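K.L.:
I have a structure I would like to understand better, so I am pasting it below and will then ask my questions one at a time.
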Amino acid sequence: MKREETVDYHIKSAWHAISRMYNQHAAQEGFTTAIGFVLININSKEGTPATKIAPMIGLETRSLTRMLKTMEEKGLIFKKPDPQDRRSVRIFLTEEGKQKKEVSVRTIKEFNEQIREVIDEQDLNTFFAVFEKVQMVIDQFSGAEANKPIFEL
């Protein structure tokens, strides 16, 4: 089987192209795609428990801890003890963090609008249905439950 005939080759190459594009946009604003995804998953008003962020975006806790430290140093977030659970910490966006979140959301929406201009609704619905089946196979193959990211767009 040639690599161009494998499903994973097309998924990986498309994701790398999307990731490069997102990183170019983010770099112009002084952050990364990964930071943008974290920002998108932090509730702008109520903050988000630090323990909830990693599973939402498919990151290891250690990687998120380093990223949150960097984000705090860049002035994008701040931490507060959770009023309901003093052992837990909530992550809040600073004003600059909110601005960068808006940039991230806008970039994702613009990209998706451009996709929808080129691909009709029926083809998109087929694409989504295929990816649901791919995810089902992945879950069965790995024996793991899917962690579905939640985006606050």
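Ordering of the structure tokens sets the chain letters (A, B, ...); residue numbers start at 1 within each chain; ligands are numbered from 1 in the order shown.
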Can you check which residues of segment 27-150 of chain A DSSP gives as alpha helix (DSSP H) on the backbone and send them as a PyMOL selection string?
P.N.:
chain A and resi 27-28+33-40+50-57+61-73+95-118+121-142
K.L.:
Between segment 23-56 of chain A and segment 86-95 of chain A, at 9 Å or less, what are the per-residue closest atom pairs and their distances in Å? Count only C-alpha atoms, order by chain and rising residue number, and return it as a tab-separated table.
P.N.:
```
residue	atom	partner	partner_atom	distance
A:Leu39	CA	A:Leu93	CA	7.6
A:Ile42	CA	A:Phe92	CA	6.9
A:Asn43	CA	A:Phe92	CA	7.4
A:Ser44	CA	A:Leu93	CA	6.2
A:Lys45	CA	A:Phe92	CA	7.8
A:Glu46	CA	A:Phe92	CA	7.3
A:Gly47	CA	A:Phe92	CA	4.4
A:Thr48	CA	A:Arg90	CA	5.2
A:Pro49	CA	A:Arg90	CA	4.2
A:Ala50	CA	A:Arg90	CA	5.6
A:Thr51	CA	A:Ser88	CA	7.9
```
K.L.:
Per residue of segment 3-85 of chain A within 12 Å of segment 123-141 of chain A, record the nearest atom pair and its distance in Å to one decimal, counting only C-alpha atoms, with rows in chain order and ascending residue number, as a Markdown table.
P.N.:
```
| residue | atom | partner | partner_atom | distance |
| --- | --- | --- | --- | --- |
| A:Val7 | CA | A:Val134 | CA | 9.0 |
| A:Asp8 | CA | A:Val134 | CA | 9.8 |
| A:Ile11 | CA | A:Phe131 | CA | 9.8 |
```
K.L.:
As a list in words, please: every residue in segment 55-112 of chain A that DSSP puts in strand (DSSP E).
P.N.:
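Residues of segment 55-112 of chain A classed as strand (DSSP E): Ile77, Phe78, Lys79, Lys80, Pro81, Val89, Arg90, Ile91, Phe92 and Leu93 of chain A.
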K.L.:
May I have the residues within 12 Å of Met67 of chain A as a PDB file with N, CA, C and O atoms, in the first residue's frame, using only C-alpha atoms and disregarding those fewer than 2 positions away in the same chain?
P.N.:
```
ATOM      1  N   PHE A  31       1.866  34.493  19.536  1.00  0.00           N
ATOM      2  CA  PHE A  31       1.616  33.268  20.299  1.00  0.00           C
ATOM      3  C   PHE A  31       1.604  32.084  19.358  1.00  0.00           C
ATOM      4  O   PHE A  31       1.996  32.211  18.204  1.00  0.00           O
ATOM      5  N   THR A  32       1.226  30.896  19.850  1.00  0.00           N
ATOM      6  CA  THR A  32       1.232  29.676  19.052  1.00  0.00           C
ATOM      7  C   THR A  32      -0.178  29.115  18.920  1.00  0.00           C
ATOM      8  O   THR A  32      -1.084  29.498  19.666  1.00  0.00           O
ATOM      9  N   THR A  33      -0.331  28.184  17.995  1.00  0.00           N
ATOM     10  CA  THR A  33      -1.615  27.507  17.825  1.00  0.00           C
ATOM     11  C   THR A  33      -2.026  26.801  19.120  1.00  0.00           C
ATOM     12  O   THR A  33      -3.184  26.862  19.527  1.00  0.00           O
ATOM     13  N   ALA A  34      -1.075  26.138  19.762  1.00  0.00           N
ATOM     14  CA  ALA A  34      -1.381  25.419  21.009  1.00  0.00           C
ATOM     15  C   ALA A  34      -1.917  26.375  22.065  1.00  0.00           C
ATOM     16  O   ALA A  34      -2.909  26.078  22.745  1.00  0.00           O
ATOM     17  N   ILE A  35      -1.291  27.534  22.196  1.00  0.00           N
ATOM     18  CA  ILE A  35      -1.775  28.534  23.154  1.00  0.00           C
ATOM     19  C   ILE A  35      -3.169  29.006  22.745  1.00  0.00           C
ATOM     20  O   ILE A  35      -4.055  29.163  23.586  1.00  0.00           O
ATOM     21  N   GLY A  36      -3.382  29.182  21.439  1.00  0.00           N
ATOM     22  CA  GLY A  36      -4.705  29.583  20.955  1.00  0.00           C
ATOM     23  C   GLY A  36      -5.776  28.581  21.336  1.00  0.00           C
ATOM     24  O   GLY A  36      -6.863  28.962  21.776  1.00  0.00           O
ATOM     25  N   PHE A  37      -5.478  27.293  21.200  1.00  0.00           N
ATOM     26  CA  PHE A  37      -6.458  26.271  21.575  1.00  0.00           C
ATOM     27  C   PHE A  37      -6.732  26.288  23.077  1.00  0.00           C
ATOM     28  O   PHE A  37      -7.869  26.090  23.510  1.00  0.00           O
ATOM     29  N   VAL A  38      -5.716  26.534  23.879  1.00  0.00           N
ATOM     30  CA  VAL A  38      -5.938  26.640  25.325  1.00  0.00           C
ATOM     31  C   VAL A  38      -6.823  27.846  25.613  1.00  0.00           C
ATOM     32  O   VAL A  38      -7.797  27.750  26.370  1.00  0.00           O
ATOM     33  N   LEU A  39      -6.519  28.978  25.011  1.00  0.00           N
ATOM     34  CA  LEU A  39      -7.318  30.192  25.228  1.00  0.00           C
ATOM     35  C   LEU A  39      -8.786  29.969  24.876  1.00  0.00           C
ATOM     36  O   LEU A  39      -9.684  30.393  25.603  1.00  0.00           O
ATOM     37  N   ALA A  50      -8.196  24.282  36.055  1.00  0.00           N
ATOM     38  CA  ALA A  50      -6.976  23.859  35.356  1.00  0.00           C
ATOM     39  C   ALA A  50      -7.042  22.380  34.980  1.00  0.00           C
ATOM     40  O   ALA A  50      -6.579  21.989  33.903  1.00  0.00           O
ATOM     41  N   ILE A  53      -8.806  21.521  31.485  1.00  0.00           N
ATOM     42  CA  ILE A  53      -8.307  22.021  30.203  1.00  0.00           C
ATOM     43  C   ILE A  53      -7.584  20.932  29.410  1.00  0.00           C
ATOM     44  O   ILE A  53      -7.850  20.751  28.218  1.00  0.00           O
ATOM     45  N   ALA A  54      -6.666  20.220  30.029  1.00  0.00           N
ATOM     46  CA  ALA A  54      -5.864  19.211  29.303  1.00  0.00           C
ATOM     47  C   ALA A  54      -6.737  18.185  28.581  1.00  0.00           C
ATOM     48  O   ALA A  54      -6.528  17.943  27.380  1.00  0.00           O
ATOM     49  N   LEU A  59      -4.146  17.206  25.622  1.00  0.00           N
ATOM     50  CA  LEU A  59      -2.763  17.404  26.078  1.00  0.00           C
ATOM     51  C   LEU A  59      -2.494  16.609  27.342  1.00  0.00           C
ATOM     52  O   LEU A  59      -3.399  16.363  28.133  1.00  0.00           O
ATOM     53  N   GLU A  60      -1.248  16.232  27.523  1.00  0.00           N
ATOM     54  CA  GLU A  60      -0.824  15.644  28.789  1.00  0.00           C
ATOM     55  C   GLU A  60      -0.788  16.764  29.834  1.00  0.00           C
ATOM     56  O   GLU A  60      -0.481  17.913  29.507  1.00  0.00           O
ATOM     57  N   THR A  61      -1.066  16.424  31.072  1.00  0.00           N
ATOM     58  CA  THR A  61      -1.090  17.418  32.143  1.00  0.00           C
ATOM     59  C   THR A  61       0.248  18.138  32.271  1.00  0.00           C
ATOM     60  O   THR A  61       0.286  19.352  32.454  1.00  0.00           O
ATOM     61  N   ARG A  62       1.354  17.385  32.134  1.00  0.00           N
ATOM     62  CA  ARG A  62       2.690  18.012  32.242  1.00  0.00           C
ATOM     63  C   ARG A  62       2.902  19.078  31.172  1.00  0.00           C
ATOM     64  O   ARG A  62       3.426  20.149  31.441  1.00  0.00           O
ATOM     65  N   SER A  63       2.490  18.774  29.952  1.00  0.00           N
ATOM     66  CA  SER A  63       2.645  19.738  28.858  1.00  0.00           C
ATOM     67  C   SER A  63       1.795  20.975  29.110  1.00  0.00           C
ATOM     68  O   SER A  63       2.229  22.103  28.859  1.00  0.00           O
ATOM     69  N   LEU A  64       0.586  20.762  29.602  1.00  0.00           N
ATOM     70  CA  LEU A  64      -0.297  21.894  29.890  1.00  0.00           C
ATOM     71  C   LEU A  64       0.280  22.750  31.002  1.00  0.00           C
ATOM     72  O   LEU A  64       0.231  23.981  30.920  1.00  0.00           O
ATOM     73  N   THR A  65       0.852  22.136  32.021  1.00  0.00           N
ATOM     74  CA  THR A  65       1.437  22.887  33.131  1.00  0.00           C
ATOM     75  C   THR A  65       2.509  23.842  32.628  1.00  0.00           C
ATOM     76  O   THR A  65       2.523  25.022  32.990  1.00  0.00           O
ATOM     77  N   LYS A  69       2.257  28.020  32.467  1.00  0.00           N
ATOM     78  CA  LYS A  69       3.307  28.869  33.038  1.00  0.00           C
ATOM     79  C   LYS A  69       3.759  29.918  32.018  1.00  0.00           C
ATOM     80  O   LYS A  69       3.872  31.105  32.328  1.00  0.00           O
ATOM     81  N   THR A  70       3.990  29.478  30.788  1.00  0.00           N
ATOM     82  CA  THR A  70       4.382  30.391  29.709  1.00  0.00           C
ATOM     83  C   THR A  70       3.285  31.433  29.469  1.00  0.00           C
ATOM     84  O   THR A  70       3.571  32.620  29.311  1.00  0.00           O
ATOM     85  N   MET A  71       2.037  30.989  29.444  1.00  0.00           N
ATOM     86  CA  MET A  71       0.923  31.900  29.199  1.00  0.00           C
ATOM     87  C   MET A  71       0.798  32.930  30.318  1.00  0.00           C
ATOM     88  O   MET A  71       0.488  34.096  30.063  1.00  0.00           O
ATOM     89  N   GLU A  72       1.062  32.489  31.543  1.00  0.00           N
ATOM     90  CA  GLU A  72       1.014  33.415  32.675  1.00  0.00           C
ATOM     91  C   GLU A  72       2.140  34.444  32.559  1.00  0.00           C
ATOM     92  O   GLU A  72       1.929  35.634  32.783  1.00  0.00           O
ATOM     93  N   GLU A  73       3.331  33.986  32.177  1.00  0.00           N
ATOM     94  CA  GLU A  73       4.471  34.888  32.000  1.00  0.00           C
ATOM     95  C   GLU A  73       4.222  35.904  30.885  1.00  0.00           C
ATOM     96  O   GLU A  73       4.678  37.040  30.955  1.00  0.00           O
ATOM     97  N   LYS A  74       3.471  35.490  29.843  1.00  0.00           N
ATOM     98  CA  LYS A  74       3.155  36.391  28.727  1.00  0.00           C
ATOM     99  C   LYS A  74       1.980  37.320  29.054  1.00  0.00           C
ATOM    100  O   LYS A  74       1.595  38.144  28.228  1.00  0.00           O
ATOM    101  N   LEU A  76      -1.223  36.396  29.541  1.00  0.00           N
ATOM    102  CA  LEU A  76      -2.462  35.979  28.890  1.00  0.00           C
ATOM    103  C   LEU A  76      -3.491  35.420  29.868  1.00  0.00           C
ATOM    104  O   LEU A  76      -4.690  35.461  29.592  1.00  0.00           O
ATOM    105  N   ILE A  77      -2.999  34.876  30.981  1.00  0.00           N
ATOM    106  CA  ILE A  77      -3.883  34.249  31.973  1.00  0.00           C
ATOM    107  C   ILE A  77      -3.423  34.611  33.377  1.00  0.00           C
ATOM    108  O   ILE A  77      -2.311  35.102  33.572  1.00  0.00           O
TER     109      ILE A  77
END
```
K.L.:
Report, in Å with one decimal, the straight-line distance from atom CA of Ile108 of chain A to atom CA of Ser142 of chain A.
P.N.:
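Between these atoms lies a distance of 29.1 Å.
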K.L.:
Could you check which of A:Arg116, A:Arg66, A:Lys109, A:Lys100 is closest to Gly30 of chain A, using only C-alpha atoms?
P.N.:
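Of the candidates, the smallest distance to Gly30 of chain A is held by A:Lys100.
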K.L.:
Interatomic distance between atom CA of Asn41 of chain A and atom CA of Ile57 of chain A?
P.N.:
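Taking atom CA of Asn41 of chain A as the start and atom CA of Ile57 of chain A as the end point, the length is 7.9 Å.
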K.L.:
Using only C-alpha atoms, pick whichever of A:Lys52, A:Glu29, A:Asp120, A:His10 has the shortest atom-to-atom distance to Val103 of chain A.
P.N.:
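The shortest atom-to-atom distance to Val103 of chain A comes from A:Glu29.
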